[in-house]
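Below is final.cif, which holds mmCIF, C-alpha atoms.
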data_input
loop_
_atom_site.group_PDB
_atom_site.id
_atom_site.type_symbol
_atom_site.label_atom_id
_atom_site.label_comp_id
_atom_site.auth_asym_id
_atom_site.auth_seq_id
_atom_site.Cartn_x
_atom_site.Cartn_y
_atom_site.Cartn_z
ATOM 1 C CA MET A 1 -41.402 12.697 -2.253
ATOM 2 C CA VAL A 2 -41.012 15.909 -4.245
ATOM 3 C CA GLU A 3 -37.665 16.629 -2.591
ATOM 4 C CA LEU A 4 -36.429 13.087 -3.278
ATOM 5 C CA GLU A 5 -37.495 13.309 -6.911
ATOM 6 C CA GLY A 6 -35.634 16.596 -7.247
ATOM 7 C CA LYS A 7 -32.428 15.057 -5.900
ATOM 8 C CA ARG A 8 -32.804 12.169 -8.309
ATOM 9 C CA ARG A 9 -33.092 14.578 -11.238
ATOM 10 C CA VAL A 10 -29.937 16.394 -10.117
ATOM 11 C CA ARG A 11 -28.007 13.126 -10.019
ATOM 12 C CA GLU A 12 -29.302 12.140 -13.446
ATOM 13 C CA ASN A 13 -28.341 15.519 -14.902
ATOM 14 C CA LYS A 14 -24.834 15.217 -13.486
ATOM 15 C CA LYS A 15 -24.527 11.754 -14.995
ATOM 16 C CA ASP A 16 -25.721 13.053 -18.362
ATOM 17 C CA ASN A 17 -22.916 15.639 -18.365
ATOM 18 C CA VAL A 18 -20.157 13.031 -17.996
ATOM 19 C CA THR A 19 -17.916 12.470 -21.020
ATOM 20 C CA TYR A 20 -16.243 9.088 -21.379
ATOM 21 C CA TYR A 21 -12.852 8.879 -23.073
ATOM 22 C CA ILE A 22 -10.661 6.247 -24.683
ATOM 23 C CA TYR A 23 -7.123 7.443 -25.382
ATOM 24 C CA ARG A 24 -4.051 5.932 -26.975
ATOM 25 C CA PHE A 25 -0.323 6.620 -26.960
ATOM 26 C CA ILE A 26 1.417 6.236 -30.326
ATOM 27 C CA ASN A 27 5.169 5.910 -30.873
ATOM 28 C CA LYS A 28 7.277 7.345 -33.696
ATOM 29 C CA ASN A 29 6.648 4.232 -35.821
ATOM 30 C CA GLY A 30 2.896 4.777 -35.676
ATOM 31 C CA GLU A 31 2.367 1.838 -33.308
ATOM 32 C CA VAL A 32 -0.184 2.032 -30.499
ATOM 33 C CA ILE A 33 1.791 1.355 -27.312
ATOM 34 C CA TYR A 34 -0.904 2.028 -24.712
ATOM 35 C CA VAL A 35 -4.696 2.283 -24.543
ATOM 36 C CA GLY A 36 -6.495 3.751 -21.547
ATOM 37 C CA LYS A 37 -9.881 5.051 -20.463
ATOM 38 C CA THR A 38 -11.029 7.869 -18.210
ATOM 39 C CA VAL A 39 -14.033 9.883 -17.108
ATOM 40 C CA GLN A 40 -11.768 12.776 -16.156
ATOM 41 C CA PRO A 41 -11.366 15.622 -18.638
ATOM 42 C CA ILE A 42 -8.723 14.317 -21.012
ATOM 43 C CA LYS A 43 -6.186 17.056 -20.202
ATOM 44 C CA ASN A 44 -6.566 16.351 -16.492
ATOM 45 C CA ARG A 45 -5.941 12.656 -17.103
ATOM 46 C CA MET A 46 -2.807 13.425 -19.100
ATOM 47 C CA GLY A 47 -1.682 15.671 -16.265
ATOM 48 C CA VAL A 48 -1.880 12.649 -13.949
ATOM 49 C CA HIS A 49 0.006 10.435 -16.405
ATOM 50 C CA PHE A 50 2.784 12.930 -16.948
ATOM 51 C CA GLY A 51 2.925 14.216 -13.390
ATOM 52 C CA PHE A 52 3.933 12.585 -10.123
ATOM 53 C CA SER A 53 1.164 9.951 -10.196
ATOM 54 C CA GLY A 54 1.820 8.349 -13.581
ATOM 55 C CA HIS A 55 1.692 4.580 -13.057
ATOM 56 C CA LEU A 56 3.102 3.353 -16.369
ATOM 57 C CA LYS A 57 6.726 2.510 -17.049
ATOM 58 C CA LEU A 58 8.884 5.529 -17.791
ATOM 59 C CA GLU A 59 9.733 3.981 -21.185
ATOM 60 C CA CYS A 60 6.081 4.279 -22.191
ATOM 61 C CA TYR A 61 6.043 8.027 -21.616
ATOM 62 C CA GLU A 62 9.418 8.431 -23.306
ATOM 63 C CA GLN A 63 8.364 6.447 -26.399
ATOM 64 C CA LYS A 64 5.087 8.328 -26.793
ATOM 65 C CA GLU A 65 5.146 10.492 -29.905
ATOM 66 C CA SER A 66 1.487 11.532 -29.949
ATOM 67 C CA ILE A 67 -1.749 11.151 -27.991
ATOM 68 C CA GLU A 68 -5.170 10.615 -29.538
ATOM 69 C CA TYR A 69 -8.585 10.176 -27.983
ATOM 70 C CA ILE A 70 -12.243 9.540 -28.738
ATOM 71 C CA THR A 71 -15.330 10.449 -26.726
ATOM 72 C CA LEU A 72 -18.180 8.084 -25.898
ATOM 73 C CA LYS A 73 -21.618 8.464 -24.356
ATOM 74 C CA SER A 74 -21.718 5.720 -21.724
ATOM 75 C CA ARG A 75 -19.462 3.877 -19.308
ATOM 76 C CA ILE A 76 -20.279 0.495 -20.816
ATOM 77 C CA ASP A 77 -19.342 1.779 -24.287
ATOM 78 C CA MET A 78 -16.055 3.017 -22.831
ATOM 79 C CA ASN A 79 -15.258 -0.304 -21.145
ATOM 80 C CA ILE A 80 -16.116 -2.382 -24.212
ATOM 81 C CA LYS A 81 -14.168 -0.143 -26.590
ATOM 82 C CA GLU A 82 -11.102 -0.181 -24.352
ATOM 83 C CA MET A 83 -11.063 -3.975 -24.204
ATOM 84 C CA TYR A 84 -11.709 -4.189 -27.944
ATOM 85 C CA TYR A 85 -8.825 -1.923 -28.912
ATOM 86 C CA ILE A 86 -6.427 -3.572 -26.459
ATOM 87 C CA GLY A 87 -7.361 -6.941 -27.941
ATOM 88 C CA LYS A 88 -6.913 -5.628 -31.472
ATOM 89 C CA TRP A 89 -3.637 -3.714 -31.092
ATOM 90 C CA LYS A 90 -2.100 -5.591 -28.123
ATOM 91 C CA PRO A 91 -0.187 -2.500 -26.927
ATOM 92 C CA VAL A 92 3.097 -3.404 -25.288
ATOM 93 C CA PHE A 93 2.419 -1.315 -22.173
ATOM 94 C CA ASN A 94 -1.006 -2.867 -21.543
ATOM 95 C CA SER A 95 0.887 -5.911 -20.299
ATOM 96 C CA ASP A 96 -1.556 -6.839 -17.507
ATOM 97 C CA TYR A 97 -4.451 -7.005 -19.980
ATOM 98 C CA ASN A 98 -2.384 -8.875 -22.550
ATOM 99 C CA LYS A 99 -1.633 -11.573 -20.010
ATOM 100 C CA LEU A 100 -5.229 -11.978 -18.898
ATOM 101 C CA TYR A 101 -6.820 -11.802 -22.334
ATOM 102 C CA HIS A 102 -4.370 -13.618 -24.574
ATOM 103 C CA GLU A 103 -6.948 -15.339 -26.775
ATOM 104 C CA GLU A 104 -7.493 -14.178 -30.331
ATOM 105 C CA MET A 105 -10.376 -11.720 -30.675
ATOM 106 C CA THR A 106 -13.175 -13.062 -32.864
ATOM 107 C CA ILE A 107 -15.818 -10.331 -32.728
ATOM 108 C CA LYS A 108 -16.044 -7.160 -34.784
ATOM 109 C CA ILE A 109 -17.068 -3.764 -33.439
ATOM 110 C CA ASN A 110 -17.800 -0.603 -35.361
ATOM 111 C CA GLU A 111 -14.471 1.241 -35.607
ATOM 112 C CA ASP A 112 -15.861 4.398 -37.158
ATOM 113 C CA ASP A 113 -14.323 6.467 -34.367
ATOM 114 C CA ASN A 114 -13.116 10.015 -34.804
ATOM 115 C CA TRP A 115 -9.712 9.984 -33.108
ATOM 116 C CA ILE A 116 -8.743 13.503 -32.049
ATOM 117 C CA ILE A 117 -5.077 14.467 -31.763
ATOM 118 C CA LEU A 118 -4.225 16.063 -28.427
ATOM 119 C CA ASN A 119 -1.596 18.609 -29.441
ATOM 120 C CA GLU A 120 -2.003 21.198 -26.719
ATOM 121 C CA ASP A 121 0.437 21.057 -23.806
ATOM 122 C CA ILE A 122 2.209 17.904 -25.039
ATOM 123 C CA GLU A 123 5.616 19.464 -24.480
ATOM 124 C CA LYS A 124 4.494 20.578 -21.037
ATOM 125 C CA PHE A 125 3.468 17.004 -20.243
ATOM 126 C CA ASN A 126 6.858 15.762 -21.433
ATOM 127 C CA GLU A 127 8.731 18.253 -19.261
ATOM 128 C CA ASN A 128 6.690 17.280 -16.202
ATOM 129 C CA LYS A 129 7.547 13.629 -16.726
ATOM 130 C CA LYS A 130 11.265 14.383 -17.079
ATOM 131 C CA LYS A 131 11.186 16.180 -13.742
ATOM 132 C CA LYS A 132 9.306 13.411 -11.960
ATOM 133 C CA PRO A 133 11.294 12.178 -8.956
ATOM 134 C CA ILE A 134 10.917 8.541 -7.982
ATOM 135 C CA ASN A 135 12.386 7.898 -4.556
ATOM 136 C CA HIS A 136 13.191 4.300 -3.794
ATOM 137 C CA LEU A 137 12.072 2.768 -0.524
ATOM 138 C CA THR A 138 14.698 1.436 1.843
ATOM 139 C CA LEU A 139 14.195 -1.396 4.309
ATOM 140 C CA GLU A 140 13.652 1.088 7.129
ATOM 141 C CA ASP A 141 11.199 3.090 4.999
ATOM 142 C CA ILE A 142 9.035 0.069 4.232
ATOM 143 C CA LYS A 143 8.919 -0.817 7.929
ATOM 144 C CA LYS A 144 7.606 2.677 8.696
ATOM 145 C CA PHE A 145 5.001 2.274 5.950
ATOM 146 C CA VAL A 146 3.872 -1.051 7.403
ATOM 147 C CA ASP A 147 3.822 0.325 10.954
ATOM 148 C CA SER A 148 1.322 2.980 9.827
ATOM 149 C CA ILE A 149 -1.191 0.390 8.554
ATOM 150 C CA ASP A 150 -4.310 -0.485 10.542
ATOM 151 C CA VAL A 151 -4.047 -4.256 10.193
ATOM 152 C CA ASN A 152 -7.325 -4.766 12.044
ATOM 153 C CA THR A 153 -9.171 -3.881 8.836
ATOM 154 C CA LEU A 154 -9.431 -5.991 5.698
ATOM 155 C CA THR A 155 -8.026 -3.124 3.642
ATOM 156 C CA GLY A 156 -5.058 -2.927 5.997
ATOM 157 C CA LYS A 157 -4.382 -6.655 5.701
ATOM 158 C CA ARG A 158 -4.423 -6.376 1.908
ATOM 159 C CA ASP A 159 -2.196 -3.308 1.828
ATOM 160 C CA LYS A 160 0.369 -4.850 4.170
ATOM 161 C CA ALA A 161 0.615 -7.921 1.945
ATOM 162 C CA ILE A 162 0.955 -5.730 -1.156
ATOM 163 C CA LEU A 163 3.744 -3.567 0.259
ATOM 164 C CA LEU A 164 5.769 -6.457 1.666
ATOM 165 C CA LEU A 165 5.380 -8.734 -1.360
ATOM 166 C CA SER A 166 6.197 -5.998 -3.875
ATOM 167 C CA PHE A 167 9.206 -4.822 -1.908
ATOM 168 C CA SER A 168 10.650 -8.245 -1.112
ATOM 169 C CA LEU A 169 10.479 -9.372 -4.758
ATOM 170 C CA GLY A 170 10.964 -6.037 -6.526
ATOM 171 C CA LEU A 171 7.771 -6.466 -8.544
ATOM 172 C CA ARG A 172 6.518 -4.120 -11.206
ATOM 173 C CA ILE A 173 2.982 -2.887 -10.589
ATOM 174 C CA SER A 174 1.680 -4.830 -13.595
ATOM 175 C CA GLU A 175 3.312 -8.012 -12.273
ATOM 176 C CA LEU A 176 1.760 -7.535 -8.846
ATOM 177 C CA THR A 177 -1.774 -6.830 -10.065
ATOM 178 C CA SER A 178 -1.761 -9.761 -12.500
ATOM 179 C CA ILE A 179 -1.001 -12.397 -9.833
ATOM 180 C CA ASN A 180 -3.705 -15.012 -9.315
ATOM 181 C CA VAL A 181 -4.218 -17.233 -6.280
ATOM 182 C CA GLU A 182 -3.309 -20.185 -8.491
ATOM 183 C CA ASP A 183 0.133 -18.629 -9.059
ATOM 184 C CA ILE A 184 1.243 -19.012 -5.439
ATOM 185 C CA GLU A 185 2.327 -21.976 -3.346
ATOM 186 C CA ILE A 186 3.034 -21.671 0.375
ATOM 187 C CA THR A 187 4.968 -24.410 2.154
ATOM 188 C CA ASP A 188 6.249 -24.659 5.721
ATOM 189 C CA LYS A 189 9.550 -23.184 4.517
ATOM 190 C CA GLU A 190 8.833 -20.685 1.758
ATOM 191 C CA LEU A 191 6.511 -18.931 -0.661
ATOM 192 C CA ILE A 192 6.869 -19.870 -4.325
ATOM 193 C CA ILE A 193 5.183 -17.484 -6.703
ATOM 194 C CA LYS A 194 4.909 -17.579 -10.491
ATOM 195 C CA ILE A 195 5.292 -14.182 -12.142
ATOM 196 C CA PHE A 196 4.513 -13.608 -15.801
ATOM 197 C CA ASN A 197 7.549 -12.092 -17.544
ATOM 198 C CA ASN A 198 6.490 -10.098 -20.603
ATOM 199 C CA THR A 199 9.999 -9.992 -22.041
ATOM 200 C CA LYS A 200 10.337 -13.776 -22.022
ATOM 201 C CA ASN A 201 6.601 -14.307 -22.603
ATOM 202 C CA ALA A 202 6.667 -16.972 -19.910
ATOM 203 C CA TYR A 203 6.231 -17.503 -16.186
ATOM 204 C CA ILE A 204 9.225 -17.358 -13.884
ATOM 205 C CA SER A 205 9.282 -18.554 -10.277
ATOM 206 C CA LYS A 206 10.364 -16.367 -7.386
ATOM 207 C CA ILE A 207 10.849 -17.428 -3.781
ATOM 208 C CA VAL A 208 10.318 -15.654 -0.464
ATOM 209 C CA MET A 209 11.474 -17.172 2.816
ATOM 210 C CA TYR A 210 9.848 -16.775 6.222
ATOM 211 C CA SER A 211 11.402 -13.920 8.209
ATOM 212 C CA HIS A 212 9.808 -14.767 11.584
ATOM 213 C CA ASN A 213 9.036 -11.169 12.545
ATOM 214 C CA GLU A 214 6.176 -8.682 12.203
ATOM 215 C CA TYR A 215 7.320 -7.843 8.662
ATOM 216 C CA CYS A 216 7.075 -11.390 7.317
ATOM 217 C CA THR A 217 5.763 -11.333 3.751
ATOM 218 C CA ILE A 218 4.365 -14.865 3.903
ATOM 219 C CA VAL A 219 2.434 -14.342 7.141
ATOM 220 C CA ALA A 220 0.969 -11.078 5.797
ATOM 221 C CA LEU A 221 -0.091 -12.804 2.571
ATOM 222 C CA GLN A 222 -1.679 -15.709 4.453
ATOM 223 C CA ASP A 223 -3.563 -13.260 6.667
ATOM 224 C CA TRP A 224 -4.974 -11.459 3.617
ATOM 225 C CA ILE A 225 -6.025 -14.659 1.833
ATOM 226 C CA LYS A 226 -7.660 -16.104 4.945
ATOM 227 C CA ASN A 227 -9.666 -12.999 5.826
ATOM 228 C CA SER A 228 -10.611 -12.052 2.253
ATOM 229 C CA LYS A 229 -11.844 -15.618 1.638
ATOM 230 C CA ILE A 230 -10.427 -15.492 -1.881
ATOM 231 C CA LYS A 231 -10.153 -18.984 -3.335
ATOM 232 C CA SER A 232 -9.149 -18.378 -6.955
ATOM 233 C CA ASP A 233 -8.422 -15.817 -9.671
ATOM 234 C CA SER A 234 -7.204 -12.309 -8.701
ATOM 235 C CA LEU A 235 -5.011 -12.274 -5.598
ATOM 236 C CA PHE A 236 -5.289 -8.557 -4.857
ATOM 237 C CA ARG A 237 -8.672 -6.892 -5.286
ATOM 238 C CA SER A 238 -10.496 -3.683 -4.579
ATOM 239 C CA ILE A 239 -12.584 -3.555 -1.421
ATOM 240 C CA LYS A 240 -15.967 -1.885 -1.209
ATOM 241 C CA LYS A 241 -18.079 -0.997 1.804
ATOM 242 C CA SER A 242 -18.798 -3.727 4.357
ATOM 243 C CA ASP A 243 -15.510 -5.412 3.393
ATOM 244 C CA LEU A 244 -16.929 -6.669 0.101
ATOM 245 C CA VAL A 245 -14.013 -7.965 -1.962
ATOM 246 C CA PHE A 246 -14.533 -6.835 -5.531
ATOM 247 C CA THR A 247 -12.556 -6.775 -8.795
ATOM 248 C CA ARG A 248 -8.842 -7.077 -9.598
ATOM 249 C CA LEU A 249 -6.850 -4.173 -8.198
ATOM 250 C CA SER A 250 -5.717 -1.641 -10.796
ATOM 251 C CA SER A 251 -2.213 -0.249 -11.259
ATOM 252 C CA GLN A 252 -3.396 3.200 -10.225
ATOM 253 C CA SER A 253 -4.801 1.753 -6.994
ATOM 254 C CA VAL A 254 -1.370 0.376 -6.083
ATOM 255 C CA THR A 255 0.174 3.802 -6.661
ATOM 256 C CA ASP A 256 -2.541 5.315 -4.453
ATOM 257 C CA ILE A 257 -1.732 2.780 -1.716
ATOM 258 C CA VAL A 258 1.958 3.734 -1.759
ATOM 259 C CA LYS A 259 1.091 7.430 -1.552
ATOM 260 C CA LYS A 260 -1.414 6.814 1.254
ATOM 261 C CA TYR A 261 1.096 5.123 3.529
ATOM 262 C CA SER A 262 3.932 7.460 2.595
ATOM 263 C CA THR A 263 1.725 10.234 3.986
ATOM 264 C CA LEU A 264 0.792 8.288 7.120
ATOM 265 C CA ALA A 265 4.458 7.422 7.706
ATOM 266 C CA GLY A 266 5.436 11.090 7.512
ATOM 267 C CA PHE A 267 6.950 11.156 4.008
ATOM 268 C CA ASP A 268 6.203 13.488 1.094
ATOM 269 C CA PRO A 269 3.723 11.501 -1.072
ATOM 270 C CA THR A 270 4.673 13.412 -4.235
ATOM 271 C CA LEU A 271 8.104 11.773 -4.122
ATOM 272 C CA TYR A 272 6.806 8.200 -4.207
ATOM 273 C CA SER A 273 4.891 6.048 -6.653
ATOM 274 C CA GLY A 274 4.256 2.375 -7.261
ATOM 275 C CA ASP A 275 7.696 2.232 -8.889
ATOM 276 C CA SER A 276 9.266 3.068 -5.523
ATOM 277 C CA LEU A 277 8.571 -0.508 -4.411
ATOM 278 C CA LYS A 278 10.531 -2.008 -7.299
ATOM 279 C CA SER A 279 13.359 0.522 -7.142
ATOM 280 C CA GLY A 280 13.697 -0.170 -3.418
ATOM 281 C CA TYR A 281 14.033 -3.887 -3.982
ATOM 282 C CA VAL A 282 16.648 -5.645 -1.871
ATOM 283 C CA LYS A 283 17.848 -9.178 -2.472
ATOM 284 C CA SER A 284 17.594 -10.178 1.162
ATOM 285 C CA ASN A 285 14.006 -10.827 2.264
ATOM 286 C CA LEU A 286 12.466 -9.020 5.194
#

For the file at hand, write its structure as structure tokens.
Amino acid sequence: MVELEGKRRVRENKKDNVTYYIYRFINKNGEVIYVGKTVQPIKNRMGVHFGFSGHLKLECYEQKESIEYITLKSRIDMNIKEMYYIGKWKPVFNSDYNKLYHEEMTIKINEDDNWIILNEDIEKFNENKKKKPINHLTLEDIKKFVDSIDVNTLTGKRDKAILLLSFSLGLRISELTSINVEDIEITDKELIIKIFNNTKNAYISKIVMYSHNEYCTIVALQDWIKNSKIKSDSLFRSIKKSDLVFTRLSSQSVTDIVKKYSTLAGFDPTLYSGDSLKSGYVKSNL
């Protein structure tokens, strides 16, 4: 009992040392263009954004003029503040949140936050982003990615559907992660999917045909839906232990999936990101 209590204290102490951050990117006009959160040290998180693993559109990083952040004491404070500020400012590059939470915000939260300007290493971050290579995926590449997936697992079924759907339609990460089950219709001939277009502020329909081979997007999507038992809301979700389907998949998770299978397929993962799926888009379906 004493040993167990000691371990519990260690875990509590580690938790107490965590700092929770909300950060924002501001453009030259003083507009907030992106709001994010992290439990990583803020400089480490910026290193991810402006390195090989940055998941936002390149325009976001290019338009950023300054970075500011605040620190909070708990995860729930961090989550609530992030949602609050996204709802208030409606940053253009928080497009997935803006689609999901389009109602007008009616509550008020204390905004007496001390935003700290992150000046150090900004130019270094900018240079890293300029050097970031984004290799596009060819048809043969995506087949190698898919061949490396263990489709006997629920995670594998999800990842196969993600890779094939993103590649066959050339979807942005934000478009992919915002898809709901209600947005898709599968017939005996095709898949019709409604994608929210932020530029037009409206849904557009895209179509995928059956390919009748092991790389068929529709069959992979049906396999994921059937085995995940998802009936409504988020189409692609995180998966916890014991195949428990959880919350909507994040943009960073999609980038991690691409890097995972680029490694398994024998590619250099630093040369690929979630954007590789869109840049490798081909008009003919698999």

Residue IDs satisfying the PyMOL selection byres ((chain A and resi 158-164) around 6), as JSON, numbers by chain = {"A": [155, 156, 157, 165, 166, 167, 168, 217, 220, 221, 224]}

Closest of A:Val254, A:Leu176, A:Val35, A:Leu249 to Tyr69 (chain A) - atom-to-atom distances counting only C-alpha atoms |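 Answer, going by the shortest atom-to-atom distance: A:Val35.
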
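Counting from CA of Val245 (chain A), the distance to CA of Ser228 (chain A) is 6.8 Å.
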
Test item: the PyMOL selection byres ((chain A and resi 30) around 12) resolved as a ChimeraX atom specification | /A:24-29,31-34,63-68,89,91

In Å, how far is it from CA of Lys259 (chain A) to CA of Leu271 (chain A)?
->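 So the answer is 8.6 Å.
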
For CA of Glu59 (chain A) and CA of Ser273 (chain A), the interatomic separation in Å (one decimal) =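 Computing the Euclidean distance for CA of Glu59 (chain A) and CA of Ser273 (chain A) yields 15.5 Å.
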
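In terms of minimum interatomic distance to Glu82 (chain A), A:Tyr21 ranks closest within A:Phe196, A:Tyr21, A:Phe50, A:Trp115, counting all atoms listed in the file.
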
Which of these, A:Val258, A:Ile184, A:Ile117, A:Met209, has the shortest distance to Ser234 (chain A) once you count all atoms listed in the file?
->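 So, comparing all the options, the nearest one is A:Ile184.
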
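Checking A:Asn152, A:Asn135, A:Asn197, A:Ser178 one by one against Tyr272 (chain A), counting all atoms listed in the file, you find the shortest gap at A:Asn135.
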
Smallest atom-to-atom distance to Ile179 (chain A): which of A:His49, A:Arg248, A:His136, A:Lys241, using all atoms listed in the file?
-> A:Arg248

Explicit residue set for the PyMOL selection byres ((chain A and resi 80) around 12), as a ChimeraX atom specification = /A:20-22,36-37,72,74-79,81-87,107-110

For the selection just defined, write its residues with C-alpha atoms to a file, as an mmCIF file, in the frame of the given file.
data_model
loop_
_atom_site.group_PDB
_atom_site.id
_atom_site.type_symbol
_atom_site.label_atom_id
_atom_site.label_comp_id
_atom_site.auth_asym_id
_atom_site.auth_seq_id
_atom_site.Cartn_x
_atom_site.Cartn_y
_atom_site.Cartn_z
ATOM 1 C CA TYR A 20 -16.243 9.088 -21.379
ATOM 2 C CA TYR A 21 -12.852 8.879 -23.073
ATOM 3 C CA ILE A 22 -10.661 6.247 -24.683
ATOM 4 C CA GLY A 36 -6.495 3.751 -21.547
ATOM 5 C CA LYS A 37 -9.881 5.051 -20.463
ATOM 6 C CA LEU A 72 -18.180 8.084 -25.898
ATOM 7 C CA SER A 74 -21.718 5.720 -21.724
ATOM 8 C CA ARG A 75 -19.462 3.877 -19.308
ATOM 9 C CA ILE A 76 -20.279 0.495 -20.816
ATOM 10 C CA ASP A 77 -19.342 1.779 -24.287
ATOM 11 C CA MET A 78 -16.055 3.017 -22.831
ATOM 12 C CA ASN A 79 -15.258 -0.304 -21.145
ATOM 13 C CA LYS A 81 -14.168 -0.143 -26.590
ATOM 14 C CA GLU A 82 -11.102 -0.181 -24.352
ATOM 15 C CA MET A 83 -11.063 -3.975 -24.204
ATOM 16 C CA TYR A 84 -11.709 -4.189 -27.944
ATOM 17 C CA TYR A 85 -8.825 -1.923 -28.912
ATOM 18 C CA ILE A 86 -6.427 -3.572 -26.459
ATOM 19 C CA GLY A 87 -7.361 -6.941 -27.941
ATOM 20 C CA ILE A 107 -15.818 -10.331 -32.728
ATOM 21 C CA LYS A 108 -16.044 -7.160 -34.784
ATOM 22 C CA ILE A 109 -17.068 -3.764 -33.439
ATOM 23 C CA ASN A 110 -17.800 -0.603 -35.361
#

Around region 241-257 of chain A, with edges along x, y and z and 3 Å added on all six sides, what centre and edge lengths do you get, in Å to one decimal, as AutoDock Vina command-line options?
--center_x -9.3 --center_y -1.3 --center_z -3.5 --size_x 25.0 --size_y 19.3 --size_z 21.6

Which polymer residues, protein or nucleic acid, are no farther than 12 Å from (11.2, -19.4, 1.1), counting all atoms listed in the file, as an mmCIF file with C-alpha atoms, in the frame of the given file?
data_model
loop_
_atom_site.group_PDB
_atom_site.id
_atom_site.type_symbol
_atom_site.label_atom_id
_atom_site.label_comp_id
_atom_site.auth_asym_id
_atom_site.auth_seq_id
_atom_site.Cartn_x
_atom_site.Cartn_y
_atom_site.Cartn_z
ATOM 1 C CA SER A 168 10.650 -8.245 -1.112
ATOM 2 C CA LEU A 169 10.479 -9.372 -4.758
ATOM 3 C CA ILE A 184 1.243 -19.012 -5.439
ATOM 4 C CA GLU A 185 2.327 -21.976 -3.346
ATOM 5 C CA ILE A 186 3.034 -21.671 0.375
ATOM 6 C CA THR A 187 4.968 -24.410 2.154
ATOM 7 C CA ASP A 188 6.249 -24.659 5.721
ATOM 8 C CA LYS A 189 9.550 -23.184 4.517
ATOM 9 C CA GLU A 190 8.833 -20.685 1.758
ATOM 10 C CA LEU A 191 6.511 -18.931 -0.661
ATOM 11 C CA ILE A 192 6.869 -19.870 -4.325
ATOM 12 C CA ILE A 193 5.183 -17.484 -6.703
ATOM 13 C CA SER A 205 9.282 -18.554 -10.277
ATOM 14 C CA LYS A 206 10.364 -16.367 -7.386
ATOM 15 C CA ILE A 207 10.849 -17.428 -3.781
ATOM 16 C CA VAL A 208 10.318 -15.654 -0.464
ATOM 17 C CA MET A 209 11.474 -17.172 2.816
ATOM 18 C CA TYR A 210 9.848 -16.775 6.222
ATOM 19 C CA SER A 211 11.402 -13.920 8.209
ATOM 20 C CA HIS A 212 9.808 -14.767 11.584
ATOM 21 C CA CYS A 216 7.075 -11.390 7.317
ATOM 22 C CA THR A 217 5.763 -11.333 3.751
ATOM 23 C CA ILE A 218 4.365 -14.865 3.903
ATOM 24 C CA VAL A 219 2.434 -14.342 7.141
ATOM 25 C CA SER A 284 17.594 -10.178 1.162
ATOM 26 C CA ASN A 285 14.006 -10.827 2.264
ATOM 27 C CA LEU A 286 12.466 -9.020 5.194
#

Find, counting all atoms listed in the file, the residue in A:Gln222, A:Ser253, A:Thr270, A:Ser276 that gets nearest to Gly51 (chain A).
->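 That would be A:Thr270, the residue with the smallest distance to Gly51 (chain A).
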